[in-house]
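Q: Have a peek at run-v5.cif (mmCIF, C-alpha atoms and all ligand atoms).
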data_final
#
loop_
_atom_site.group_PDB
_atom_site.id
_atom_site.type_symbol
_atom_site.label_atom_id
_atom_site.label_comp_id
_atom_site.auth_asym_id
_atom_site.auth_seq_id
_atom_site.Cartn_x
_atom_site.Cartn_y
_atom_site.Cartn_z
ATOM 1 C CA MET A 7 92.114 40.248 168.093
ATOM 2 C CA LEU A 8 88.656 40.118 166.530
ATOM 3 C CA LYS A 9 88.121 42.371 163.553
ATOM 4 C CA LYS A 10 85.211 44.820 163.518
ATOM 5 C CA PRO A 11 82.283 43.249 161.609
ATOM 6 C CA HIS A 12 82.008 44.739 158.140
ATOM 7 C CA LYS A 13 79.646 44.571 155.257
ATOM 8 C CA THR A 14 80.646 43.552 151.740
ATOM 9 C CA ILE A 15 78.205 44.825 149.151
ATOM 10 C CA THR A 16 78.308 44.241 145.429
ATOM 11 C CA ILE A 17 76.879 46.587 142.841
ATOM 12 C CA THR A 18 76.000 44.683 139.702
ATOM 13 C CA SER A 19 73.772 44.854 136.619
ATOM 14 C CA GLY A 20 72.576 42.975 133.588
ATOM 15 C CA LYS A 21 73.150 45.669 131.008
ATOM 16 C CA GLY A 22 76.325 47.771 130.863
ATOM 17 C CA GLY A 23 76.493 51.525 131.290
ATOM 18 C CA VAL A 24 73.668 51.739 133.853
ATOM 19 C CA GLY A 25 75.764 53.682 136.380
ATOM 20 C CA LYS A 26 77.327 50.997 138.619
ATOM 21 C CA SER A 27 80.824 52.515 138.848
ATOM 22 C CA SER A 28 79.353 55.976 139.283
ATOM 23 C CA ILE A 29 77.168 54.744 142.161
ATOM 24 C CA VAL A 30 80.054 52.805 143.776
ATOM 25 C CA SER A 31 82.445 55.790 143.780
ATOM 26 C CA ASN A 32 79.933 58.365 144.941
ATOM 27 C CA MET A 33 78.424 56.033 147.522
ATOM 28 C CA ALA A 34 81.890 55.390 148.966
ATOM 29 C CA TYR A 35 82.456 59.147 149.240
ATOM 30 C CA LEU A 36 79.173 59.678 151.101
ATOM 31 C CA LEU A 37 79.859 56.746 153.429
ATOM 32 C CA GLY A 38 83.362 58.096 154.072
ATOM 33 C CA ASN A 39 81.773 61.448 154.900
ATOM 34 C CA MET A 40 79.582 59.652 157.432
ATOM 35 C CA ASN A 41 82.805 58.420 159.073
ATOM 36 C CA LYS A 42 82.329 54.893 157.796
ATOM 37 C CA SER A 43 85.631 53.375 156.805
ATOM 38 C CA THR A 44 85.096 52.221 153.266
ATOM 39 C CA PHE A 45 87.032 50.177 150.743
ATOM 40 C CA ILE A 46 86.230 49.865 147.061
ATOM 41 C CA LEU A 47 87.232 46.786 145.131
ATOM 42 C CA ASP A 48 87.182 47.434 141.402
ATOM 43 C CA ALA A 49 86.133 43.976 140.298
ATOM 44 C CA ASP A 50 85.627 44.960 136.689
ATOM 45 C CA LEU A 51 88.948 43.236 136.252
ATOM 46 C CA SER A 52 89.528 43.780 132.572
ATOM 47 C CA LEU A 53 87.845 47.171 132.084
ATOM 48 C CA GLY A 54 88.146 48.794 135.503
ATOM 49 C CA ASN A 55 87.698 52.546 135.772
ATOM 50 C CA ILE A 56 87.189 53.412 139.458
ATOM 51 C CA ASP A 57 90.582 55.154 139.699
ATOM 52 C CA ILE A 58 89.613 57.313 136.696
ATOM 53 C CA MET A 59 86.348 58.303 138.385
ATOM 54 C CA PHE A 60 88.392 59.625 141.305
ATOM 55 C CA GLY A 61 90.727 61.453 138.916
ATOM 56 C CA MET A 62 93.586 59.239 140.074
ATOM 57 C CA VAL A 63 96.158 57.139 138.254
ATOM 58 C CA SER A 64 96.856 53.753 139.761
ATOM 59 C CA LYS A 65 100.398 52.506 140.015
ATOM 60 C CA PHE A 66 99.518 48.910 140.855
ATOM 61 C CA ASN A 67 96.280 46.994 140.647
ATOM 62 C CA VAL A 68 94.511 43.705 141.300
ATOM 63 C CA LYS A 69 96.616 42.064 138.584
ATOM 64 C CA ASP A 70 99.771 42.672 140.658
ATOM 65 C CA LEU A 71 98.056 41.170 143.698
ATOM 66 C CA ILE A 72 96.986 38.078 141.845
ATOM 67 C CA ASP A 73 100.355 37.428 140.217
ATOM 68 C CA GLY A 74 102.003 37.875 143.602
ATOM 69 C CA SER A 75 104.249 40.783 142.596
ATOM 70 C CA ARG A 76 102.639 43.217 145.117
ATOM 71 C CA GLN A 77 101.070 43.022 148.561
ATOM 72 C CA ILE A 78 97.614 44.472 149.157
ATOM 73 C CA ASP A 79 98.949 47.496 151.092
ATOM 74 C CA GLU A 80 101.049 48.452 148.036
ATOM 75 C CA VAL A 81 98.036 48.216 145.723
ATOM 76 C CA ILE A 82 95.555 50.208 147.842
ATOM 77 C CA MET A 83 95.128 53.868 146.831
ATOM 78 C CA GLU A 84 93.927 56.520 149.235
ATOM 79 C CA GLY A 85 90.953 58.530 147.948
ATOM 80 C CA PRO A 86 89.078 61.437 149.532
ATOM 81 C CA CYS A 87 87.257 61.023 152.884
ATOM 82 C CA GLY A 88 89.611 58.195 153.808
ATOM 83 C CA ILE A 89 88.245 55.889 151.070
ATOM 84 C CA LYS A 90 90.633 53.088 150.154
ATOM 85 C CA ILE A 91 90.574 51.865 146.575
ATOM 86 C CA ILE A 92 91.787 48.551 145.202
ATOM 87 C CA PRO A 93 91.985 49.433 141.506
ATOM 88 C CA ALA A 94 91.577 47.097 138.570
ATOM 89 C CA THR A 95 93.329 47.131 135.287
ATOM 90 C CA SER A 96 92.008 48.227 131.952
ATOM 91 C CA GLY A 97 92.382 46.277 128.753
ATOM 92 C CA VAL A 98 93.821 43.016 130.118
ATOM 93 C CA SER A 99 91.352 40.418 128.913
ATOM 94 C CA GLU A 100 93.086 37.505 130.667
ATOM 95 C CA PHE A 101 91.486 38.755 133.889
ATOM 96 C CA ALA A 102 87.973 38.643 132.513
ATOM 97 C CA ASN A 103 87.626 35.249 134.179
ATOM 98 C CA LEU A 104 89.748 34.335 137.179
ATOM 99 C CA ASP A 105 90.545 30.694 137.782
ATOM 100 C CA THR A 106 90.111 29.057 141.185
ATOM 101 C CA ASN A 107 93.702 29.665 142.214
ATOM 102 C CA GLU A 108 93.549 33.374 141.274
ATOM 103 C CA ARG A 109 90.285 33.801 143.194
ATOM 104 C CA SER A 110 91.788 32.176 146.226
ATOM 105 C CA ILE A 111 94.832 34.510 146.120
ATOM 106 C CA LEU A 112 92.528 37.529 145.866
ATOM 107 C CA LEU A 113 90.269 36.353 148.683
ATOM 108 C CA THR A 114 93.260 35.668 150.933
ATOM 109 C CA SER A 115 94.498 39.226 150.287
ATOM 110 C CA LEU A 116 91.066 40.703 151.019
ATOM 111 C CA ARG A 117 90.999 38.848 154.330
ATOM 112 C CA THR A 118 94.083 40.797 155.409
ATOM 113 C CA LEU A 119 92.432 44.208 154.880
ATOM 114 C CA PRO A 120 92.497 46.458 157.931
ATOM 115 C CA GLU A 121 89.276 46.992 159.889
ATOM 116 C CA HIS A 122 86.519 48.651 157.886
ATOM 117 C CA ASP A 123 82.778 49.227 157.816
ATOM 118 C CA PHE A 124 82.118 48.634 154.131
ATOM 119 C CA LEU A 125 83.755 46.921 151.188
ATOM 120 C CA ILE A 126 81.931 47.992 148.029
ATOM 121 C CA VAL A 127 82.550 45.810 145.014
ATOM 122 C CA ASP A 128 82.034 47.184 141.507
ATOM 123 C CA THR A 129 81.471 44.417 138.968
ATOM 124 C CA SER A 130 81.380 44.347 135.212
ATOM 125 C CA ALA A 131 77.961 44.021 133.606
ATOM 126 C CA GLY A 132 76.431 40.667 132.770
ATOM 127 C CA ILE A 133 76.832 37.156 134.058
ATOM 128 C CA SER A 134 80.446 36.124 133.603
ATOM 129 C CA SER A 135 81.917 33.691 136.110
ATOM 130 C CA ASN A 136 83.738 36.607 137.800
ATOM 131 C CA VAL A 137 80.442 38.419 138.305
ATOM 132 C CA VAL A 138 78.872 35.316 139.814
ATOM 133 C CA TYR A 139 81.914 34.874 142.073
ATOM 134 C CA PHE A 140 82.021 38.464 143.357
ATOM 135 C CA ASN A 141 78.308 38.421 144.018
ATOM 136 C CA SER A 142 78.613 35.149 145.915
ATOM 137 C CA MET A 143 81.188 36.591 148.328
ATOM 138 C CA SER A 144 78.990 39.557 149.324
ATOM 139 C CA GLU A 145 76.514 39.949 152.127
ATOM 140 C CA GLU A 146 74.312 42.214 150.024
ATOM 141 C CA VAL A 147 73.793 42.449 146.280
ATOM 142 C CA PHE A 148 72.500 45.602 144.606
ATOM 143 C CA VAL A 149 71.211 45.336 141.066
ATOM 144 C CA VAL A 150 71.161 48.630 139.171
ATOM 145 C CA ILE A 151 68.294 48.980 136.704
ATOM 146 C CA THR A 152 67.403 51.816 134.317
ATOM 147 C CA PRO A 153 64.210 52.486 132.330
ATOM 148 C CA ASP A 154 65.827 51.028 129.200
ATOM 149 C CA PRO A 155 63.767 47.907 128.347
ATOM 150 C CA ALA A 156 67.027 45.992 127.720
ATOM 151 C CA SER A 157 68.163 46.839 131.247
ATOM 152 C CA ILE A 158 64.955 45.411 132.698
ATOM 153 C CA THR A 159 65.230 42.124 130.741
ATOM 154 C CA ASP A 160 68.959 41.800 131.414
ATOM 155 C CA SER A 161 68.411 42.443 135.136
ATOM 156 C CA TYR A 162 65.938 39.615 135.213
ATOM 157 C CA ALA A 163 68.534 37.362 133.557
ATOM 158 C CA VAL A 164 71.218 38.357 136.052
ATOM 159 C CA ILE A 165 68.952 37.777 139.068
ATOM 160 C CA LYS A 166 67.931 34.407 137.640
ATOM 161 C CA VAL A 167 71.525 33.254 137.106
ATOM 162 C CA LEU A 168 72.772 34.581 140.461
ATOM 163 C CA SER A 169 69.924 32.946 142.361
ATOM 164 C CA LYS A 170 70.459 29.620 140.580
ATOM 165 C CA LYS A 171 74.262 29.609 140.846
ATOM 166 C CA THR A 172 74.725 31.100 144.323
ATOM 167 C CA GLY A 173 71.442 30.238 146.050
ATOM 168 C CA ARG A 174 70.870 33.909 146.901
ATOM 169 C CA LYS A 175 67.213 34.816 147.350
ATOM 170 C CA ASP A 176 67.392 38.474 148.409
ATOM 171 C CA PHE A 177 68.340 41.217 145.972
ATOM 172 C CA ASN A 178 68.327 44.986 146.479
ATOM 173 C CA VAL A 179 67.341 47.133 143.538
ATOM 174 C CA ILE A 180 68.495 50.671 142.766
ATOM 175 C CA VAL A 181 66.685 52.299 139.869
ATOM 176 C CA ASN A 182 68.937 54.794 138.097
ATOM 177 C CA MET A 183 68.382 57.476 135.445
ATOM 178 C CA VAL A 184 64.687 58.025 136.125
ATOM 179 C CA LYS A 185 62.596 61.199 136.098
ATOM 180 C CA ASP A 186 61.339 60.724 139.646
ATOM 181 C CA GLU A 187 60.511 58.124 142.286
ATOM 182 C CA LYS A 188 57.154 57.377 140.658
ATOM 183 C CA GLU A 189 58.935 56.194 137.510
ATOM 184 C CA ALA A 190 61.429 54.232 139.627
ATOM 185 C CA LEU A 191 58.650 52.405 141.467
ATOM 186 C CA GLY A 192 56.951 51.631 138.145
ATOM 187 C CA ILE A 193 60.140 50.016 136.844
ATOM 188 C CA PHE A 194 60.642 48.142 140.091
ATOM 189 C CA LYS A 195 57.079 46.824 139.821
ATOM 190 C CA LYS A 196 57.752 45.631 136.264
ATOM 191 C CA ILE A 197 60.675 43.487 137.299
ATOM 192 C CA VAL A 198 58.964 42.202 140.442
ATOM 193 C CA ASN A 199 56.001 41.087 138.335
ATOM 194 C CA VAL A 200 58.319 38.817 136.355
ATOM 195 C CA THR A 201 60.525 37.566 139.225
ATOM 196 C CA ASP A 202 57.422 36.785 141.334
ATOM 197 C CA ARG A 203 56.039 34.670 138.510
ATOM 198 C CA PHE A 204 59.150 32.759 137.544
ATOM 199 C CA LEU A 205 61.759 32.877 140.334
ATOM 200 C CA ASP A 206 61.937 32.096 144.025
ATOM 201 C CA VAL A 207 63.561 35.421 144.980
ATOM 202 C CA TYR A 208 62.725 38.509 147.011
ATOM 203 C CA LEU A 209 63.479 41.942 145.544
ATOM 204 C CA TYR A 210 63.847 44.898 147.879
ATOM 205 C CA TYR A 211 63.423 48.418 146.519
ATOM 206 C CA PHE A 212 66.391 50.327 147.948
ATOM 207 C CA GLY A 213 66.007 53.664 146.206
ATOM 208 C CA PHE A 214 66.393 55.608 142.991
ATOM 209 C CA ILE A 215 68.739 58.154 141.426
ATOM 210 C CA PRO A 216 67.289 60.686 138.986
ATOM 211 C CA LEU A 217 68.681 61.273 135.536
ATOM 212 C CA ASP A 218 70.775 64.325 136.285
ATOM 213 C CA LYS A 219 72.967 66.215 133.815
ATOM 214 C CA ASN A 220 75.271 67.215 136.690
ATOM 215 C CA ILE A 221 76.420 63.598 136.828
ATOM 216 C CA ASN A 222 77.796 63.785 133.300
ATOM 217 C CA ILE A 223 79.360 67.198 133.890
ATOM 218 C CA ALA A 224 81.211 65.977 136.994
ATOM 219 C CA THR A 225 82.145 62.633 135.422
ATOM 220 C CA ARG A 226 83.742 64.360 132.436
ATOM 221 C CA LYS A 227 85.835 66.416 134.831
ATOM 222 C CA GLN A 228 86.792 63.220 136.686
ATOM 223 C CA ARG A 229 85.113 64.602 139.772
ATOM 224 C CA LEU A 230 82.623 62.874 142.056
ATOM 225 C CA TRP A 231 79.192 64.406 141.571
ATOM 226 C CA VAL A 232 78.284 64.173 145.254
ATOM 227 C CA GLU A 233 81.288 66.399 145.969
ATOM 228 C CA TYR A 234 81.040 68.681 142.938
ATOM 229 C CA PHE A 235 77.251 69.130 143.114
ATOM 230 C CA PRO A 236 76.371 68.529 146.767
ATOM 231 C CA ASP A 237 72.912 70.095 146.377
ATOM 232 C CA SER A 238 71.875 68.223 143.225
ATOM 233 C CA SER A 239 68.854 65.943 143.153
ATOM 234 C CA ALA A 240 71.149 62.965 142.431
ATOM 235 C CA THR A 241 73.258 63.689 145.525
ATOM 236 C CA ARG A 242 70.135 63.937 147.694
ATOM 237 C CA ALA A 243 68.862 60.629 146.325
ATOM 238 C CA LEU A 244 72.161 58.794 146.857
ATOM 239 C CA THR A 245 72.410 60.244 150.374
ATOM 240 C CA GLN A 246 69.039 58.656 151.160
ATOM 241 C CA ILE A 247 70.328 55.328 149.848
ATOM 242 C CA CYS A 248 73.458 55.600 152.026
ATOM 243 C CA ASN A 249 71.412 56.525 155.091
ATOM 244 C CA ARG A 250 69.406 53.364 154.540
ATOM 245 C CA LEU A 251 72.617 51.391 154.200
ATOM 246 C CA VAL A 252 74.042 52.515 157.535
ATOM 247 C CA THR A 253 70.870 52.039 159.602
HETATM 248 N N1 LIG B 1 71.648 59.231 137.136
HETATM 249 C C1 LIG B 1 72.414 59.540 136.084
HETATM 250 N N2 LIG B 1 72.135 60.633 135.321
HETATM 251 C C2 LIG B 1 72.915 60.950 134.258
HETATM 252 N N3 LIG B 1 73.992 60.251 133.871
HETATM 253 C C3 LIG B 1 74.321 59.161 134.588
HETATM 254 C C4 LIG B 1 73.567 58.742 135.739
HETATM 255 N N4 LIG B 1 74.167 57.633 136.267
HETATM 256 C C5 LIG B 1 75.240 57.378 135.482
HETATM 257 N N5 LIG B 1 75.322 58.275 134.490
HETATM 258 C C6 LIG B 1 76.344 58.300 133.401
HETATM 259 O O1 LIG B 1 76.234 57.065 132.689
HETATM 260 C C7 LIG B 1 77.506 56.665 132.188
HETATM 261 C C8 LIG B 1 77.782 55.215 132.595
HETATM 262 O O2 LIG B 1 78.014 55.181 133.993
HETATM 263 P P1 LIG B 1 78.981 54.089 134.624
HETATM 264 O O3 LIG B 1 80.279 54.027 133.927
HETATM 265 O O4 LIG B 1 78.973 54.321 136.089
HETATM 266 O O5 LIG B 1 78.144 52.772 134.270
HETATM 267 P P2 LIG B 1 78.560 51.261 134.528
HETATM 268 O O6 LIG B 1 77.289 50.531 134.827
HETATM 269 O O7 LIG B 1 79.633 51.170 135.539
HETATM 270 O O8 LIG B 1 79.131 50.844 133.099
HETATM 271 P P3 LIG B 1 79.918 49.494 132.723
HETATM 272 O O9 LIG B 1 78.889 48.412 132.668
HETATM 273 O O10 LIG B 1 80.515 49.806 131.379
HETATM 274 O O11 LIG B 1 80.937 49.262 133.801
HETATM 275 C C9 LIG B 1 78.535 57.656 132.729
HETATM 276 O O12 LIG B 1 78.805 58.602 131.740
HETATM 277 C C10 LIG B 1 77.791 58.309 133.896
HETATM 278 O O13 LIG B 1 78.240 59.614 134.129
HETATM 279 MG MG MG B 2 81.519 50.265 135.446
#
Can you present the structure in this file as C-alpha cells?

A:
Amino acid sequence: MLKKPHKTITITSGKGGVGKSSIVSNMAYLLGNMNKSTFILDADLSLGNIDIMFGMVSKFNVKDLIDGSRQIDEVIMEGPCGIKIIPATSGVSEFANLDTNERSILLTSLRTLPEHDFLIVDTSAGISSNVVYFNSMSEEVFVVITPDPASITDSYAVIKVLSKKTGRKDFNVIVNMVKDEKEALGIFKKIVNVTDRFLDVYLYYFGFIPLDKNINIATRKQRLWVEYFPDSSATRALTQICNRLVT
C-alpha cells in the first residue's frame, strides 16, 4: 500500500539559542490542532530538549534506536494534539556526529513511521556533520534568524555550507525575537543582500515571531506557549507561519 505523501522539514540555525526547539514544539502543536498528523524528530542528538519542552520525560530515545535495543514504536512518545515525538538524549557527546552506519539505521527506522503529514526535525545549532545530514534529508529547510548580529553572520555561514555540501538552493527564513514585521523584513533584507552577492541560493521569507515575554513564562513552566497563551502575538505569528505551511 502506498503511504500518504508527507513533508519533512528541518528547523536549523547558525547561532544557538535562537528559538529552534521552541518553534518546532509549538509549530507541531498548531499543526496537530489543524488535524495534520505530525512527528517531531529531536535531532539535537547530544543536547536534545524537545521532551522537556512538552513537560514530558522520555523513557527511550534515538540512542536506543541507533544501538538497536529498541524499535521506533517503543521510542515514540505521544504528545498533545496527537503529536508523536522521537526524543533525543541529553549529555551523550558520542552522538554529536553519527557515522554512516548509525545514519542508515536511523533512516531505516524513520522509513517505517506510520502515515503522517509532517515530520519536523529540530537540529542543533551550527554546521556539524549531523546538521548537514539532517538538512539534506528534508524537503524544506527553515533557517531561524534573530536580530543579533552574530545570528545574521552565522546564518550566512550555515546557508553557505548547506548549499555547498547538499546542493540545496532554496532556504526558508523565519525571523524570531523581533519587535514587529518591519524589523523582521529589515533583517531578512540584510541577509539576502549578502547571499545574493556571494551565493547561488534563493531565500524565501516565511514569517516572523515577535519577542514575547509570554514565551519565556510558558517555557519555564514547561508548557507550550501556543497552548498557554493562545491569544499572544507570538501565537498569532506562528499560526500564520503554519497556515502558510499547510497551503
Ligand atoms: N520569540 C521569542 N520571544 C522570547 N523568548 C523566546 C522567543 N523564542 C525563543 N525564546 C526563548 O529563547 C530561549 C532559547 O530557545 P530555544 O531553546 O528554542 O532555542 P534553540 O535555538 O533551540 O537553542 P539551541 O541552539 O541551544 O538548541 C528559550 O528560553 C525560549 O523560551
Ligand atoms: Mg534547541

Q: Using all atoms listed in the file, determine which residues lie at most 6 Å from Ile180 (chain A), disregarding the query and same-chain residues fewer than 6 positions distant; provide the list as a PDB file with C-alpha atoms, in the frame of the given file.

A:
ATOM      1  CA  VAL A 150      71.161  48.630 139.171  1.00  0.00           C
ATOM      2  CA  PHE A 212      66.391  50.327 147.948  1.00  0.00           C
ATOM      3  CA  GLY A 213      66.007  53.664 146.206  1.00  0.00           C
ATOM      4  CA  PHE A 214      66.393  55.608 142.991  1.00  0.00           C
TER       5      PHE A 214
END

Q: Enumerate as an mmCIF file with C-alpha atoms, in the coordinates of the input the residues within 8 Å of ligand LIG 1 (chain B), counting only C-alpha atoms and all ligand atoms.

A:
data_model
loop_
_atom_site.group_PDB
_atom_site.id
_atom_site.type_symbol
_atom_site.label_atom_id
_atom_site.label_comp_id
_atom_site.auth_asym_id
_atom_site.auth_seq_id
_atom_site.Cartn_x
_atom_site.Cartn_y
_atom_site.Cartn_z
ATOM 1 C CA THR A 18 76.000 44.683 139.702
ATOM 2 C CA SER A 19 73.772 44.854 136.619
ATOM 3 C CA LYS A 21 73.150 45.669 131.008
ATOM 4 C CA GLY A 22 76.325 47.771 130.863
ATOM 5 C CA GLY A 23 76.493 51.525 131.290
ATOM 6 C CA VAL A 24 73.668 51.739 133.853
ATOM 7 C CA GLY A 25 75.764 53.682 136.380
ATOM 8 C CA LYS A 26 77.327 50.997 138.619
ATOM 9 C CA SER A 27 80.824 52.515 138.848
ATOM 10 C CA SER A 28 79.353 55.976 139.283
ATOM 11 C CA ILE A 29 77.168 54.744 142.161
ATOM 12 C CA VAL A 30 80.054 52.805 143.776
ATOM 13 C CA ASP A 50 85.627 44.960 136.689
ATOM 14 C CA LEU A 53 87.845 47.171 132.084
ATOM 15 C CA GLY A 54 88.146 48.794 135.503
ATOM 16 C CA ASN A 55 87.698 52.546 135.772
ATOM 17 C CA ASP A 128 82.034 47.184 141.507
ATOM 18 C CA THR A 129 81.471 44.417 138.968
ATOM 19 C CA SER A 130 81.380 44.347 135.212
ATOM 20 C CA ALA A 131 77.961 44.021 133.606
ATOM 21 C CA VAL A 150 71.161 48.630 139.171
ATOM 22 C CA ASN A 182 68.937 54.794 138.097
ATOM 23 C CA MET A 183 68.382 57.476 135.445
ATOM 24 C CA VAL A 184 64.687 58.025 136.125
ATOM 25 C CA ILE A 215 68.739 58.154 141.426
ATOM 26 C CA PRO A 216 67.289 60.686 138.986
ATOM 27 C CA LEU A 217 68.681 61.273 135.536
ATOM 28 C CA ASP A 218 70.775 64.325 136.285
ATOM 29 C CA LYS A 219 72.967 66.215 133.815
ATOM 30 C CA ASN A 220 75.271 67.215 136.690
ATOM 31 C CA ILE A 221 76.420 63.598 136.828
ATOM 32 C CA ASN A 222 77.796 63.785 133.300
ATOM 33 C CA ILE A 223 79.360 67.198 133.890
ATOM 34 C CA ALA A 224 81.211 65.977 136.994
ATOM 35 C CA THR A 225 82.145 62.633 135.422
ATOM 36 C CA ARG A 226 83.742 64.360 132.436
ATOM 37 C CA ALA A 240 71.149 62.965 142.431
#

Q: When the PyMOL selection byres (((chain A and resi 158-169) around 10) and not hetatm) is applied to the structure above, which residues does it catch, written out as a PyMOL selection string?

A: chain A and resi 18-22+131-134+137-139+141-142+147+149-157+170-177+179+193-194+196-198+200-201+204-207+209

Q: Between A:Ser52, A:Ser43, A:Leu71, A:Phe60, which residue has the minimum interatomic distance to Gly97 (chain A), considering all atoms listed in the file?

A: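 Residue with the minimum atom-to-atom distance to Gly97 (chain A): A:Ser52.
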
Q: Could you make a table, as JSON lines, of the residues of region 122-200 of chain A that have an atom within 12 Å of an atom of region 111-117 of chain A, each with its nearest atom pair and distance in Å to one decimal, counting only C-alpha atoms, in chain and number order?

A:
{"residue": "A:His122", "atom": "CA", "partner": "A:Arg117", "partner_atom": "CA", "distance": 11.3}
{"residue": "A:Leu125", "atom": "CA", "partner": "A:Leu116", "partner_atom": "CA", "distance": 9.6}
{"residue": "A:Val127", "atom": "CA", "partner": "A:Leu116", "partner_atom": "CA", "distance": 11.6}
{"residue": "A:Asn136", "atom": "CA", "partner": "A:Leu112", "partner_atom": "CA", "distance": 12.0}
{"residue": "A:Tyr139", "atom": "CA", "partner": "A:Leu113", "partner_atom": "CA", "distance": 10.8}
{"residue": "A:Phe140", "atom": "CA", "partner": "A:Leu113", "partner_atom": "CA", "distance": 10.0}
{"residue": "A:Met143", "atom": "CA", "partner": "A:Leu113", "partner_atom": "CA", "distance": 9.1}
{"residue": "A:Ser144", "atom": "CA", "partner": "A:Leu113", "partner_atom": "CA", "distance": 11.7}

Q: Residues at most 12 Å from Arg242 (chain A), counting all atoms listed in the file, excluding those fewer than 2 positions away in the same chain, as a PDB file with C-alpha atoms, in the frame of the given file?

A:
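Saved to out_29.pdb:
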ATOM      1  CA  ASN A  32      79.933  58.365 144.941  1.00  0.00           C
ATOM      2  CA  MET A  33      78.424  56.033 147.522  1.00  0.00           C
ATOM      3  CA  LEU A  36      79.173  59.678 151.101  1.00  0.00           C
ATOM      4  CA  GLY A 213      66.007  53.664 146.206  1.00  0.00           C
ATOM      5  CA  PHE A 214      66.393  55.608 142.991  1.00  0.00           C
ATOM      6  CA  ILE A 215      68.739  58.154 141.426  1.00  0.00           C
ATOM      7  CA  PRO A 216      67.289  60.686 138.986  1.00  0.00           C
ATOM      8  CA  ASP A 218      70.775  64.325 136.285  1.00  0.00           C
ATOM      9  CA  TRP A 231      79.192  64.406 141.571  1.00  0.00           C
ATOM     10  CA  VAL A 232      78.284  64.173 145.254  1.00  0.00           C
ATOM     11  CA  GLU A 233      81.288  66.399 145.969  1.00  0.00           C
ATOM     12  CA  PHE A 235      77.251  69.130 143.114  1.00  0.00           C
ATOM     13  CA  PRO A 236      76.371  68.529 146.767  1.00  0.00           C
ATOM     14  CA  ASP A 237      72.912  70.095 146.377  1.00  0.00           C
ATOM     15  CA  SER A 238      71.875  68.223 143.225  1.00  0.00           C
ATOM     16  CA  SER A 239      68.854  65.943 143.153  1.00  0.00           C
ATOM     17  CA  ALA A 240      71.149  62.965 142.431  1.00  0.00           C
ATOM     18  CA  LEU A 244      72.161  58.794 146.857  1.00  0.00           C
ATOM     19  CA  THR A 245      72.410  60.244 150.374  1.00  0.00           C
ATOM     20  CA  GLN A 246      69.039  58.656 151.160  1.00  0.00           C
ATOM     21  CA  ILE A 247      70.328  55.328 149.848  1.00  0.00           C
ATOM     22  CA  CYS A 248      73.458  55.600 152.026  1.00  0.00           C
ATOM     23  CA  ASN A 249      71.412  56.525 155.091  1.00  0.00           C
TER      24      ASN A 249
END

Q: What's around Val68 (chain A) at 12 Å? Count all atoms listed in the file, leave out sequence neighbours fewer than 3 positions away in its own chain, and write the answer as a count of residues only.

A: 40

Q: Could you check the closest approach to ligand MG 2 (chain B) for each of A:Tyr208, A:Ile17, A:Asp105, A:Leu119 and tell me which residue wins, using all atoms listed in the file?

A: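 Between A:Tyr208, A:Ile17, A:Asp105, A:Leu119, the residue approaching ligand MG 2 (chain B) most closely is A:Ile17.
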
Q: Could you tell me how far CA of Gly192 (chain A) lies from CA of Ile126 (chain A), in Å and to one decimal?

A: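 Value for the CA of Gly192 (chain A)-CA of Ile126 (chain A) distance: 27.1 Å.
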
Q: Can you work out which one of A:Pro86, A:Leu230, A:Thr118, A:Ile56 has the shortest atom-to-atom distance to ligand MG 2 (chain B), counting only C-alpha atoms and all ligand atoms?

A: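 Distance minimum relative to ligand MG 2 (chain B) lands on A:Ile56.
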
Q: If the box runs along x, y and z of the file and leaves 5 Å on each side of region 214-225 of chain A, what are its centre and edge lengths in Å, one decimal, as lines of an AutoDock Vina configuration file?

A:
center_x = 74.3
center_y = 61.4
center_z = 138.1
size_x = 25.8
size_y = 21.6
size_z = 19.7

Q: Around the point (87.2, 60.8, 141.2) (coordinates from the file), which residues reach within 7 Å if we count only C-alpha atoms? Answer as a list in words.

A: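 The distance filter leaves exactly Asp57, Ile58, Met59, Phe60, Gly61, Met62, Gln228, Arg229 and Leu230 of chain A.
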
Q: Could you tell me how far CA of Ala34 (chain A) sits from CA of Cys87 (chain A), in Å to one decimal place?

A: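 So the answer is 8.7 Å.
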
Q: Smallest atom-to-atom distance to Phe45 (chain A): which of A:Val252, A:Ala243, A:Ala190, A:Ile15, using all atoms listed in the file?

A: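 Closest residue, counting all atoms listed in the file: A:Ile15.
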
Q: So how many Å separate CA of Gly38 (chain A) and CA of Leu251 (chain A), to one decimal?

A: 12.7 Å

Q: Let me make sure I understand: among A:Glu100, A:Lys13, A:Ser31, A:Tyr234, which one has the smallest atom-to-atom distance to ligand MG 2 (chain B) if we use all atoms listed in the file?

A: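 That would be A:Ser31, the residue with the smallest distance to ligand MG 2 (chain B).
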
Q: Could you rebuild region 198-204 of chain A with N, CA and C atoms and give it back as an mmCIF file, in the frame of the given file?

A:
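Output (out_24.cif):
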data_model
loop_
_atom_site.group_PDB
_atom_site.id
_atom_site.type_symbol
_atom_site.label_atom_id
_atom_site.label_comp_id
_atom_site.auth_asym_id
_atom_site.auth_seq_id
_atom_site.Cartn_x
_atom_site.Cartn_y
_atom_site.Cartn_z
ATOM 1 N N VAL A 198 59.522 43.083 139.404
ATOM 2 C CA VAL A 198 58.964 42.202 140.442
ATOM 3 C C VAL A 198 57.852 41.323 139.858
ATOM 4 N N ASN A 199 57.069 41.887 138.948
ATOM 5 C CA ASN A 199 56.001 41.087 138.335
ATOM 6 C C ASN A 199 56.570 39.835 137.683
ATOM 7 N N VAL A 200 57.730 39.973 137.042
ATOM 8 C CA VAL A 200 58.319 38.817 136.355
ATOM 9 C C VAL A 200 59.016 37.884 137.350
ATOM 10 N N THR A 201 59.805 38.448 138.288
ATOM 11 C CA THR A 201 60.525 37.566 139.225
ATOM 12 C C THR A 201 59.519 36.802 140.102
ATOM 13 N N ASP A 202 58.425 37.472 140.506
ATOM 14 C CA ASP A 202 57.422 36.785 141.334
ATOM 15 C C ASP A 202 56.804 35.600 140.597
ATOM 16 N N ARG A 203 56.676 35.758 139.289
ATOM 17 C CA ARG A 203 56.039 34.670 138.510
ATOM 18 C C ARG A 203 56.983 33.497 138.285
ATOM 19 N N PHE A 204 58.272 33.828 138.033
ATOM 20 C CA PHE A 204 59.150 32.759 137.544
ATOM 21 C C PHE A 204 60.288 32.360 138.483
#
